[in-house]
>>> print(open('upload-v1.txt').read())   # compact mmCIF, N, CA and C atoms
# COMPACT_ATOMS: atom_id res chain seq x y z
N MET O 10 78.20 28.06 29.93
CA MET O 10 78.75 29.17 30.70
C MET O 10 78.63 28.83 32.18
N PHE O 11 79.70 29.07 32.90
CA PHE O 11 79.72 28.83 34.34
C PHE O 11 79.58 30.15 35.08
N VAL O 12 78.61 30.22 35.98
CA VAL O 12 78.41 31.40 36.82
C VAL O 12 78.00 30.94 38.21
N GLY O 13 78.15 31.81 39.18
CA GLY O 13 77.73 31.50 40.54
C GLY O 13 78.90 31.15 41.44
N GLN O 14 78.57 30.93 42.70
CA GLN O 14 79.56 30.69 43.74
C GLN O 14 79.01 29.65 44.71
N TYR O 15 79.83 28.65 45.04
CA TYR O 15 79.40 27.54 45.89
C TYR O 15 80.51 27.18 46.86
N ALA O 16 80.16 27.00 48.12
CA ALA O 16 81.13 26.60 49.14
C ALA O 16 80.95 25.11 49.44
N HIS O 17 82.08 24.41 49.55
CA HIS O 17 82.06 22.97 49.84
C HIS O 17 83.26 22.61 50.71
N GLY O 18 83.15 21.46 51.33
CA GLY O 18 84.25 20.94 52.13
C GLY O 18 85.18 20.08 51.29
N VAL O 19 86.36 19.83 51.84
CA VAL O 19 87.35 18.95 51.22
C VAL O 19 87.46 17.74 52.14
N ASP O 20 87.30 16.54 51.59
CA ASP O 20 87.39 15.36 52.44
C ASP O 20 88.84 14.96 52.68
N GLU O 21 89.03 13.92 53.48
CA GLU O 21 90.38 13.50 53.87
C GLU O 21 91.22 13.01 52.70
N LYS O 22 90.59 12.67 51.58
CA LYS O 22 91.32 12.23 50.39
C LYS O 22 91.54 13.37 49.40
N GLY O 23 91.20 14.59 49.79
CA GLY O 23 91.40 15.74 48.91
C GLY O 23 90.33 15.86 47.83
N ARG O 24 89.16 15.26 48.06
CA ARG O 24 88.08 15.32 47.07
C ARG O 24 87.10 16.43 47.43
N ILE O 25 86.53 17.01 46.38
CA ILE O 25 85.49 18.02 46.56
C ILE O 25 84.29 17.64 45.70
N ILE O 26 83.12 18.08 46.14
CA ILE O 26 81.91 17.89 45.36
C ILE O 26 81.80 19.03 44.36
N ILE O 27 81.53 18.68 43.13
CA ILE O 27 81.28 19.68 42.09
C ILE O 27 79.79 20.01 42.15
N PRO O 28 79.45 21.28 42.27
CA PRO O 28 78.03 21.66 42.35
C PRO O 28 77.25 21.12 41.14
N SER O 29 76.02 20.70 41.40
CA SER O 29 75.21 20.13 40.32
C SER O 29 75.03 21.13 39.17
N ALA O 30 75.00 22.42 39.47
CA ALA O 30 74.86 23.43 38.42
C ALA O 30 76.03 23.40 37.44
N PHE O 31 77.19 22.88 37.86
CA PHE O 31 78.37 22.82 37.00
C PHE O 31 78.55 21.46 36.33
N ARG O 32 78.04 20.40 36.95
CA ARG O 32 78.34 19.03 36.49
C ARG O 32 77.99 18.77 35.04
N GLU O 33 76.78 19.11 34.64
CA GLU O 33 76.35 18.81 33.28
C GLU O 33 77.19 19.57 32.26
N LYS O 34 77.52 20.79 32.57
CA LYS O 34 78.30 21.62 31.64
C LYS O 34 79.75 21.12 31.54
N LEU O 35 80.24 20.51 32.61
CA LEU O 35 81.62 20.04 32.61
C LEU O 35 81.81 18.79 31.76
N GLY O 36 80.85 17.92 31.78
CA GLY O 36 81.01 16.65 31.08
C GLY O 36 81.79 15.67 31.93
N GLU O 37 82.28 14.62 31.30
CA GLU O 37 82.93 13.55 32.04
C GLU O 37 84.40 13.82 32.37
N LYS O 38 85.17 14.25 31.38
CA LYS O 38 86.60 14.49 31.58
C LYS O 38 86.82 15.98 31.85
N VAL O 39 87.60 16.29 32.90
CA VAL O 39 87.90 17.68 33.23
C VAL O 39 89.41 17.86 33.39
N TYR O 40 89.82 19.10 33.21
CA TYR O 40 91.24 19.45 33.28
C TYR O 40 91.43 20.46 34.41
N LEU O 41 92.32 20.13 35.32
CA LEU O 41 92.67 21.01 36.43
C LEU O 41 94.05 21.59 36.15
N SER O 42 94.23 22.86 36.47
CA SER O 42 95.55 23.46 36.30
C SER O 42 95.75 24.55 37.34
N ARG O 43 96.97 24.94 37.46
CA ARG O 43 97.34 26.06 38.31
C ARG O 43 96.62 27.30 37.77
N GLY O 44 95.97 28.05 38.66
CA GLY O 44 95.33 29.29 38.26
C GLY O 44 96.31 30.44 38.36
N ILE O 45 95.84 31.62 38.03
CA ILE O 45 96.73 32.77 38.03
C ILE O 45 96.92 33.36 39.42
N GLU O 46 95.89 33.44 40.22
CA GLU O 46 95.99 34.07 41.55
C GLU O 46 95.76 33.08 42.68
N ARG O 47 96.61 32.06 42.75
CA ARG O 47 96.56 31.08 43.83
C ARG O 47 95.23 30.36 43.92
N CYS O 48 94.66 30.04 42.76
CA CYS O 48 93.46 29.22 42.72
C CYS O 48 93.74 28.09 41.74
N ILE O 49 92.78 27.20 41.59
CA ILE O 49 92.88 26.11 40.62
C ILE O 49 91.85 26.38 39.53
N PHE O 50 92.28 26.29 38.28
CA PHE O 50 91.36 26.41 37.16
C PHE O 50 90.82 25.01 36.84
N LEU O 51 89.54 24.94 36.55
CA LEU O 51 88.88 23.69 36.16
C LEU O 51 88.18 23.93 34.83
N TYR O 52 88.59 23.16 33.82
CA TYR O 52 88.06 23.34 32.47
C TYR O 52 87.35 22.08 32.00
N PRO O 53 86.22 22.25 31.29
CA PRO O 53 85.66 21.11 30.56
C PRO O 53 86.56 20.83 29.36
N GLU O 54 86.40 19.67 28.78
CA GLU O 54 87.29 19.26 27.70
C GLU O 54 87.27 20.23 26.51
N ASP O 55 86.10 20.73 26.11
CA ASP O 55 86.06 21.62 24.94
C ASP O 55 86.76 22.95 25.21
N SER O 56 86.56 23.53 26.38
CA SER O 56 87.25 24.79 26.71
C SER O 56 88.75 24.57 26.82
N TRP O 57 89.13 23.43 27.40
CA TRP O 57 90.56 23.13 27.52
C TRP O 57 91.20 23.02 26.14
N GLY O 58 90.52 22.37 25.22
CA GLY O 58 91.06 22.21 23.87
C GLY O 58 91.33 23.55 23.22
N SER O 59 90.41 24.49 23.38
CA SER O 59 90.58 25.83 22.80
C SER O 59 91.76 26.55 23.44
N LEU O 60 91.84 26.48 24.77
CA LEU O 60 92.94 27.15 25.47
C LEU O 60 94.28 26.54 25.08
N TYR O 61 94.35 25.21 25.04
CA TYR O 61 95.59 24.55 24.69
C TYR O 61 96.05 24.95 23.28
N ALA O 62 95.11 25.02 22.36
CA ALA O 62 95.45 25.41 20.99
C ALA O 62 96.08 26.81 20.97
N LYS O 63 95.55 27.71 21.78
CA LYS O 63 96.11 29.07 21.84
C LYS O 63 97.52 29.05 22.42
N ILE O 64 97.71 28.28 23.49
CA ILE O 64 99.04 28.19 24.11
C ILE O 64 100.03 27.57 23.13
N ALA O 65 99.61 26.51 22.45
CA ALA O 65 100.49 25.82 21.50
C ALA O 65 100.88 26.70 20.33
N SER O 66 100.05 27.69 20.01
CA SER O 66 100.35 28.55 18.87
C SER O 66 101.30 29.70 19.22
N LEU O 67 101.61 29.87 20.50
CA LEU O 67 102.50 30.96 20.90
C LEU O 67 103.93 30.67 20.48
N SER O 68 104.70 31.71 20.26
CA SER O 68 106.08 31.57 19.81
C SER O 68 106.97 31.01 20.91
N LEU O 69 107.69 29.95 20.59
CA LEU O 69 108.63 29.36 21.54
C LEU O 69 109.91 30.18 21.67
N THR O 70 110.09 31.16 20.83
CA THR O 70 111.31 31.96 20.90
C THR O 70 111.22 33.02 22.00
N ARG O 71 110.03 33.25 22.54
CA ARG O 71 109.87 34.23 23.62
C ARG O 71 109.98 33.53 24.97
N LYS O 72 110.86 34.02 25.81
CA LYS O 72 111.08 33.42 27.13
C LYS O 72 109.80 33.40 27.96
N GLU O 73 109.01 34.48 27.92
CA GLU O 73 107.78 34.53 28.70
C GLU O 73 106.82 33.42 28.29
N THR O 74 106.77 33.13 27.00
CA THR O 74 105.91 32.05 26.51
C THR O 74 106.37 30.71 27.05
N ARG O 75 107.66 30.46 26.98
CA ARG O 75 108.19 29.19 27.49
C ARG O 75 107.95 29.06 28.98
N ASP O 76 108.21 30.14 29.73
CA ASP O 76 108.00 30.11 31.18
C ASP O 76 106.54 29.84 31.53
N PHE O 77 105.64 30.57 30.86
CA PHE O 77 104.22 30.38 31.12
C PHE O 77 103.79 28.95 30.79
N ALA O 78 104.16 28.47 29.61
CA ALA O 78 103.76 27.12 29.20
C ALA O 78 104.28 26.07 30.17
N ARG O 79 105.51 26.22 30.61
CA ARG O 79 106.08 25.25 31.55
C ARG O 79 105.32 25.22 32.87
N LEU O 80 105.14 26.41 33.45
CA LEU O 80 104.47 26.45 34.76
C LEU O 80 103.01 26.09 34.67
N PHE O 81 102.35 26.49 33.61
CA PHE O 81 100.92 26.24 33.47
C PHE O 81 100.65 24.78 33.07
N LEU O 82 101.26 24.32 31.98
CA LEU O 82 100.96 22.99 31.46
C LEU O 82 101.52 21.87 32.32
N SER O 83 102.62 22.12 33.02
CA SER O 83 103.19 21.05 33.85
C SER O 83 102.34 20.74 35.08
N THR O 84 101.38 21.61 35.38
CA THR O 84 100.53 21.37 36.55
C THR O 84 99.18 20.76 36.19
N VAL O 85 98.94 20.50 34.91
CA VAL O 85 97.64 19.99 34.48
C VAL O 85 97.43 18.57 34.98
N ALA O 86 96.24 18.34 35.52
CA ALA O 86 95.80 17.01 35.91
C ALA O 86 94.48 16.75 35.19
N ILE O 87 94.38 15.61 34.55
CA ILE O 87 93.15 15.22 33.85
C ILE O 87 92.43 14.22 34.75
N THR O 88 91.17 14.48 34.99
CA THR O 88 90.42 13.60 35.89
C THR O 88 88.97 13.50 35.44
N THR O 89 88.22 12.67 36.11
CA THR O 89 86.79 12.51 35.84
C THR O 89 86.02 12.62 37.14
N LEU O 90 84.75 12.99 37.02
CA LEU O 90 83.89 13.04 38.19
C LEU O 90 83.49 11.62 38.57
N ASP O 91 83.48 11.33 39.88
CA ASP O 91 83.04 10.02 40.31
C ASP O 91 81.52 9.97 40.36
N ALA O 92 80.96 8.85 40.79
CA ALA O 92 79.51 8.66 40.81
C ALA O 92 78.79 9.64 41.73
N GLN O 93 79.51 10.19 42.72
CA GLN O 93 78.92 11.16 43.64
C GLN O 93 79.15 12.61 43.19
N GLY O 94 79.73 12.79 42.01
CA GLY O 94 79.97 14.13 41.49
C GLY O 94 81.17 14.81 42.12
N ARG O 95 82.15 14.01 42.55
CA ARG O 95 83.36 14.55 43.19
C ARG O 95 84.55 14.42 42.26
N ILE O 96 85.54 15.27 42.51
CA ILE O 96 86.85 15.11 41.89
C ILE O 96 87.90 15.19 42.98
N ALA O 97 89.01 14.53 42.73
CA ALA O 97 90.15 14.60 43.65
C ALA O 97 91.08 15.70 43.17
N LEU O 98 91.44 16.58 44.09
CA LEU O 98 92.39 17.64 43.78
C LEU O 98 93.79 17.13 44.12
N PRO O 99 94.71 17.11 43.17
CA PRO O 99 96.06 16.64 43.48
C PRO O 99 96.69 17.49 44.59
N ALA O 100 97.51 16.85 45.40
CA ALA O 100 98.14 17.53 46.54
C ALA O 100 98.94 18.75 46.11
N TYR O 101 99.66 18.67 44.99
CA TYR O 101 100.47 19.82 44.56
C TYR O 101 99.60 21.02 44.19
N LEU O 102 98.40 20.79 43.66
CA LEU O 102 97.50 21.90 43.36
C LEU O 102 96.84 22.44 44.62
N ARG O 103 96.50 21.55 45.55
CA ARG O 103 95.94 22.01 46.84
C ARG O 103 96.96 22.86 47.57
N GLU O 104 98.22 22.45 47.54
CA GLU O 104 99.28 23.21 48.20
C GLU O 104 99.45 24.58 47.53
N TYR O 105 99.51 24.59 46.20
CA TYR O 105 99.66 25.84 45.47
C TYR O 105 98.54 26.82 45.81
N ALA O 106 97.30 26.33 45.84
CA ALA O 106 96.12 27.18 46.07
C ALA O 106 95.82 27.36 47.56
N ARG O 107 96.69 26.81 48.40
CA ARG O 107 96.52 26.93 49.86
C ARG O 107 95.13 26.48 50.30
N ILE O 108 94.74 25.32 49.80
CA ILE O 108 93.42 24.78 50.11
C ILE O 108 93.51 23.92 51.35
N GLY O 109 92.66 24.23 52.30
CA GLY O 109 92.56 23.46 53.53
C GLY O 109 91.31 22.58 53.50
N ARG O 110 90.44 22.78 54.48
CA ARG O 110 89.25 21.95 54.61
C ARG O 110 88.03 22.49 53.87
N LYS O 111 88.11 23.74 53.40
CA LYS O 111 86.95 24.33 52.72
C LYS O 111 87.40 25.04 51.45
N VAL O 112 86.54 24.94 50.43
CA VAL O 112 86.80 25.60 49.15
C VAL O 112 85.58 26.39 48.72
N VAL O 113 85.82 27.31 47.82
CA VAL O 113 84.75 28.04 47.15
C VAL O 113 84.97 27.82 45.66
N LEU O 114 83.93 27.34 44.98
CA LEU O 114 83.98 27.14 43.54
C LEU O 114 83.20 28.28 42.91
N ILE O 115 83.81 28.96 41.96
CA ILE O 115 83.13 30.07 41.30
C ILE O 115 83.11 29.84 39.80
N GLY O 116 82.00 30.20 39.19
CA GLY O 116 81.88 30.12 37.75
C GLY O 116 82.41 31.38 37.12
N VAL O 117 83.32 31.23 36.15
CA VAL O 117 83.93 32.37 35.49
C VAL O 117 83.83 32.17 33.97
N GLY O 118 82.62 32.05 33.49
CA GLY O 118 82.41 31.92 32.05
C GLY O 118 82.76 30.54 31.53
N THR O 119 83.94 30.41 30.91
CA THR O 119 84.34 29.15 30.29
C THR O 119 85.05 28.20 31.24
N ARG O 120 85.27 28.63 32.47
CA ARG O 120 85.97 27.78 33.43
C ARG O 120 85.35 27.95 34.82
N VAL O 121 85.76 27.04 35.70
CA VAL O 121 85.42 27.13 37.11
C VAL O 121 86.74 27.38 37.84
N GLU O 122 86.71 28.23 38.86
CA GLU O 122 87.89 28.42 39.69
C GLU O 122 87.61 27.83 41.06
N ILE O 123 88.61 27.16 41.61
CA ILE O 123 88.51 26.55 42.93
C ILE O 123 89.48 27.29 43.84
N TRP O 124 88.93 27.92 44.87
CA TRP O 124 89.70 28.74 45.79
C TRP O 124 89.65 28.15 47.19
N GLY O 125 90.76 28.24 47.90
CA GLY O 125 90.72 28.00 49.33
C GLY O 125 89.83 29.07 49.94
N GLU O 126 88.99 28.69 50.88
CA GLU O 126 88.00 29.63 51.41
C GLU O 126 88.64 30.92 51.94
N GLU O 127 89.72 30.81 52.67
CA GLU O 127 90.37 31.99 53.24
C GLU O 127 90.93 32.92 52.17
N LEU O 128 91.61 32.35 51.18
CA LEU O 128 92.16 33.18 50.10
C LEU O 128 91.05 33.85 49.30
N TRP O 129 89.93 33.14 49.10
CA TRP O 129 88.81 33.73 48.37
C TRP O 129 88.28 34.95 49.12
N ARG O 130 88.12 34.82 50.42
CA ARG O 130 87.64 35.96 51.22
C ARG O 130 88.59 37.15 51.12
N GLU O 131 89.90 36.87 51.21
CA GLU O 131 90.89 37.94 51.10
C GLU O 131 90.82 38.61 49.73
N TYR O 132 90.72 37.80 48.69
CA TYR O 132 90.65 38.34 47.34
C TYR O 132 89.42 39.24 47.18
N VAL O 133 88.27 38.74 47.59
CA VAL O 133 87.03 39.51 47.44
C VAL O 133 87.11 40.82 48.20
N SER O 134 87.61 40.78 49.43
CA SER O 134 87.66 42.01 50.21
C SER O 134 88.60 43.04 49.58
N THR O 135 89.67 42.59 48.97
CA THR O 135 90.61 43.50 48.30
C THR O 135 90.00 44.09 47.03
N VAL O 136 89.40 43.24 46.21
CA VAL O 136 88.88 43.69 44.92
C VAL O 136 87.59 44.47 45.08
N GLU O 137 86.78 44.12 46.06
CA GLU O 137 85.52 44.85 46.28
C GLU O 137 85.75 46.33 46.51
N GLU O 138 86.83 46.65 47.19
CA GLU O 138 87.15 48.06 47.45
C GLU O 138 87.38 48.84 46.17
N ARG O 139 87.82 48.15 45.10
CA ARG O 139 88.12 48.80 43.83
C ARG O 139 87.09 48.49 42.75
N PHE O 140 85.99 47.83 43.11
CA PHE O 140 85.04 47.35 42.11
C PHE O 140 84.48 48.48 41.24
N ALA O 141 84.12 49.59 41.85
CA ALA O 141 83.57 50.71 41.08
C ALA O 141 84.61 51.23 40.08
N GLU O 142 85.84 51.36 40.52
CA GLU O 142 86.91 51.82 39.64
C GLU O 142 87.16 50.83 38.50
N ILE O 143 87.20 49.55 38.84
CA ILE O 143 87.40 48.51 37.82
C ILE O 143 86.25 48.55 36.82
N SER O 144 85.03 48.72 37.31
CA SER O 144 83.85 48.75 36.45
C SER O 144 83.93 49.88 35.44
N GLU O 145 84.43 51.02 35.86
CA GLU O 145 84.56 52.16 34.94
C GLU O 145 85.49 51.81 33.78
N HIS O 146 86.56 51.09 34.04
CA HIS O 146 87.49 50.72 32.99
C HIS O 146 86.90 49.65 32.08
N ILE O 147 86.15 48.74 32.65
CA ILE O 147 85.54 47.66 31.86
C ILE O 147 84.47 48.20 30.93
N VAL O 148 83.73 49.20 31.38
CA VAL O 148 82.67 49.79 30.55
C VAL O 148 83.25 50.28 29.22
N ASP O 149 84.48 50.74 29.24
CA ASP O 149 85.12 51.22 28.02
C ASP O 149 85.32 50.12 26.98
N THR O 150 85.24 48.86 27.40
CA THR O 150 85.42 47.74 26.46
C THR O 150 84.13 47.39 25.73
N GLY O 151 83.03 48.05 26.10
CA GLY O 151 81.77 47.82 25.41
C GLY O 151 80.79 46.96 26.17
N ILE O 152 81.10 46.61 27.40
CA ILE O 152 80.16 45.80 28.20
C ILE O 152 79.04 46.67 28.70
>>> encode(input="upload-v1.txt", output="structure tokens")
Amino acid sequence: MFVGQYAHGVDEKGRIIIPSAFREKLGEKVYLSRGIERCIFLYPEDSWGSLYAKIASLSLTRKETRDFARLFLSTVAITTLDAQGRIALPAYLREYARIGRKVVLIGVGTRVEIWGEELWREYVSTVEERFAEISEHIVDTGI
């Protein structure tokens, strides 16, 4: 399980350090993809396999399924951590997530999300205002 929040810089080659708290859980091979809200999703191989199986099982006759699969799967990059615990973020994913010189990595259960620092701050400030309301709805799910 991935939890917590870590801020790191992006070097001139587009590499970021993966926090040590995440490295062991990620393993050697990781999968990067376009996230839902202008972030990058980072999956360990086992979580990626489960997600891919679910996507592959969706009906191809539904346009929404085809659109989602195309946009989501076409952005996947498979990479490994280097000896310093870094990964290179592809330019197209950095552009999509509006990542500049600083990122915030957050643990979200089965995945890690990589956010441009500015977008993360904007997201948090927007959602924090509604956190109590959101919590009331989540409680109904049994949490």
>>> atom_distance(input="upload-v1.txt", atom1="atom N of O:Ala97", atom2="atom N of O:Ile27")
8.6 Å
>>> residues_around(input="upload-v1.txt", residues="O:Gly118", least_positions_apart="3", cutoff="6.5 Å", atoms="only N, CA and C atoms", output="PyMOL selection string")
chain O and resi 10-12+121
>>> axis_aligned_box(input="upload-v1.txt", around="stretch 64-70 of chain O", padding_each_side="5 Å", output="JSON")
{"center_x": 104.5, "center_y": 29.4, "center_z": 21.5, "size_x": 23.6, "size_y": 17.2, "size_z": 15.2}
>>> closest_residue(input="upload-v1.txt", among="O:Leu67, O:Ile108, O:Val85, O:Ile25", to="O:Arg43", atoms="only N, CA and C atoms")
O:Val85
>>> select_by_dssp(input="upload-v1.txt", residues="chain O", states="strand (DSSP E or B)", output="ChimeraX atom specification")
/O:11,14-18,24-26,38-43,49-53,86-89,95-97,111-118,120-125
>>> build_atoms(input="upload-v1.txt", residues="stretch 59-70 of chain O", atoms="all heavy atoms", output="PDB file, keeping the file's coordinate frame")
ATOM      1  N   SER O  59      90.410  24.490  23.380  1.00  0.00           N
ATOM      2  CA  SER O  59      90.580  25.830  22.800  1.00  0.00           C
ATOM      3  C   SER O  59      91.760  26.550  23.440  1.00  0.00           C
ATOM      4  O   SER O  59      92.560  27.191  22.753  1.00  0.00           O
ATOM      5  CB  SER O  59      89.314  26.663  23.002  1.00  0.00           C
ATOM      6  OG  SER O  59      88.226  26.070  22.354  1.00  0.00           O
ATOM      7  N   LEU O  60      91.840  26.480  24.770  1.00  0.00           N
ATOM      8  CA  LEU O  60      92.940  27.150  25.470  1.00  0.00           C
ATOM      9  C   LEU O  60      94.280  26.540  25.080  1.00  0.00           C
ATOM     10  O   LEU O  60      95.241  27.254  24.800  1.00  0.00           O
ATOM     11  CB  LEU O  60      92.732  27.054  26.987  1.00  0.00           C
ATOM     12  CG  LEU O  60      93.861  27.611  27.846  1.00  0.00           C
ATOM     13  CD1 LEU O  60      94.055  29.105  27.599  1.00  0.00           C
ATOM     14  CD2 LEU O  60      93.579  27.345  29.314  1.00  0.00           C
ATOM     15  N   TYR O  61      94.350  25.210  25.040  1.00  0.00           N
ATOM     16  CA  TYR O  61      95.590  24.550  24.690  1.00  0.00           C
ATOM     17  C   TYR O  61      96.050  24.950  23.280  1.00  0.00           C
ATOM     18  O   TYR O  61      97.232  25.206  23.058  1.00  0.00           O
ATOM     19  CB  TYR O  61      95.482  23.029  24.794  1.00  0.00           C
ATOM     20  CG  TYR O  61      96.754  22.364  24.361  1.00  0.00           C
ATOM     21  CD1 TYR O  61      97.860  22.359  25.198  1.00  0.00           C
ATOM     22  CD2 TYR O  61      96.881  21.812  23.102  1.00  0.00           C
ATOM     23  CE1 TYR O  61      99.064  21.797  24.792  1.00  0.00           C
ATOM     24  CE2 TYR O  61      98.074  21.253  22.679  1.00  0.00           C
ATOM     25  CZ  TYR O  61      99.158  21.242  23.525  1.00  0.00           C
ATOM     26  OH  TYR O  61     100.341  20.701  23.114  1.00  0.00           O
ATOM     27  N   ALA O  62      95.110  25.020  22.360  1.00  0.00           N
ATOM     28  CA  ALA O  62      95.450  25.410  20.990  1.00  0.00           C
ATOM     29  C   ALA O  62      96.080  26.810  20.970  1.00  0.00           C
ATOM     30  O   ALA O  62      97.039  27.053  20.231  1.00  0.00           O
ATOM     31  CB  ALA O  62      94.215  25.357  20.093  1.00  0.00           C
ATOM     32  N   LYS O  63      95.550  27.710  21.780  1.00  0.00           N
ATOM     33  CA  LYS O  63      96.110  29.070  21.840  1.00  0.00           C
ATOM     34  C   LYS O  63      97.520  29.050  22.420  1.00  0.00           C
ATOM     35  O   LYS O  63      98.424  29.720  21.924  1.00  0.00           O
ATOM     36  CB  LYS O  63      95.210  29.972  22.669  1.00  0.00           C
ATOM     37  CG  LYS O  63      93.908  30.306  21.984  1.00  0.00           C
ATOM     38  CD  LYS O  63      93.019  31.122  22.892  1.00  0.00           C
ATOM     39  CE  LYS O  63      91.658  31.347  22.247  1.00  0.00           C
ATOM     40  NZ  LYS O  63      90.727  32.049  23.136  1.00  0.00           N
ATOM     41  N   ILE O  64      97.710  28.280  23.490  1.00  0.00           N
ATOM     42  CA  ILE O  64      99.040  28.190  24.110  1.00  0.00           C
ATOM     43  C   ILE O  64     100.030  27.570  23.130  1.00  0.00           C
ATOM     44  O   ILE O  64     101.154  28.042  22.979  1.00  0.00           O
ATOM     45  CB  ILE O  64      98.984  27.398  25.436  1.00  0.00           C
ATOM     46  CG1 ILE O  64      98.164  28.170  26.474  1.00  0.00           C
ATOM     47  CG2 ILE O  64     100.393  27.123  25.960  1.00  0.00           C
ATOM     48  CD1 ILE O  64      97.832  27.372  27.719  1.00  0.00           C
ATOM     49  N   ALA O  65      99.610  26.510  22.450  1.00  0.00           N
ATOM     50  CA  ALA O  65     100.490  25.820  21.500  1.00  0.00           C
ATOM     51  C   ALA O  65     100.880  26.700  20.330  1.00  0.00           C
ATOM     52  O   ALA O  65     101.927  26.488  19.720  1.00  0.00           O
ATOM     53  CB  ALA O  65      99.817  24.536  21.015  1.00  0.00           C
ATOM     54  N   SER O  66     100.050  27.690  20.010  1.00  0.00           N
ATOM     55  CA  SER O  66     100.350  28.550  18.870  1.00  0.00           C
ATOM     56  C   SER O  66     101.300  29.700  19.220  1.00  0.00           C
ATOM     57  O   SER O  66     101.766  30.409  18.323  1.00  0.00           O
ATOM     58  CB  SER O  66      99.053  29.142  18.292  1.00  0.00           C
ATOM     59  OG  SER O  66      98.528  30.125  19.160  1.00  0.00           O
ATOM     60  N   LEU O  67     101.610  29.870  20.500  1.00  0.00           N
ATOM     61  CA  LEU O  67     102.500  30.960  20.900  1.00  0.00           C
ATOM     62  C   LEU O  67     103.930  30.670  20.480  1.00  0.00           C
ATOM     63  O   LEU O  67     104.350  29.517  20.382  1.00  0.00           O
ATOM     64  CB  LEU O  67     102.438  31.154  22.420  1.00  0.00           C
ATOM     65  CG  LEU O  67     101.095  31.580  22.991  1.00  0.00           C
ATOM     66  CD1 LEU O  67     101.126  31.552  24.515  1.00  0.00           C
ATOM     67  CD2 LEU O  67     100.694  32.953  22.482  1.00  0.00           C
ATOM     68  N   SER O  68     104.700  31.710  20.260  1.00  0.00           N
ATOM     69  CA  SER O  68     106.080  31.570  19.810  1.00  0.00           C
ATOM     70  C   SER O  68     106.970  31.010  20.910  1.00  0.00           C
ATOM     71  O   SER O  68     107.043  31.568  22.009  1.00  0.00           O
ATOM     72  CB  SER O  68     106.619  32.938  19.365  1.00  0.00           C
ATOM     73  OG  SER O  68     108.001  32.842  19.099  1.00  0.00           O
ATOM     74  N   LEU O  69     107.690  29.950  20.590  1.00  0.00           N
ATOM     75  CA  LEU O  69     108.630  29.360  21.540  1.00  0.00           C
ATOM     76  C   LEU O  69     109.910  30.180  21.670  1.00  0.00           C
ATOM     77  O   LEU O  69     110.729  29.912  22.547  1.00  0.00           O
ATOM     78  CB  LEU O  69     108.983  27.933  21.128  1.00  0.00           C
ATOM     79  CG  LEU O  69     107.863  26.916  21.270  1.00  0.00           C
ATOM     80  CD1 LEU O  69     108.309  25.559  20.730  1.00  0.00           C
ATOM     81  CD2 LEU O  69     107.438  26.796  22.723  1.00  0.00           C
ATOM     82  N   THR O  70     110.090  31.160  20.830  1.00  0.00           N
ATOM     83  CA  THR O  70     111.310  31.960  20.900  1.00  0.00           C
ATOM     84  C   THR O  70     111.220  33.020  22.000  1.00  0.00           C
ATOM     85  O   THR O  70     112.234  33.630  22.345  1.00  0.00           O
ATOM     86  CB  THR O  70     111.608  32.648  19.558  1.00  0.00           C
ATOM     87  OG1 THR O  70     110.512  33.501  19.206  1.00  0.00           O
ATOM     88  CG2 THR O  70     111.848  31.613  18.465  1.00  0.00           C
TER      89      THR O  70
END
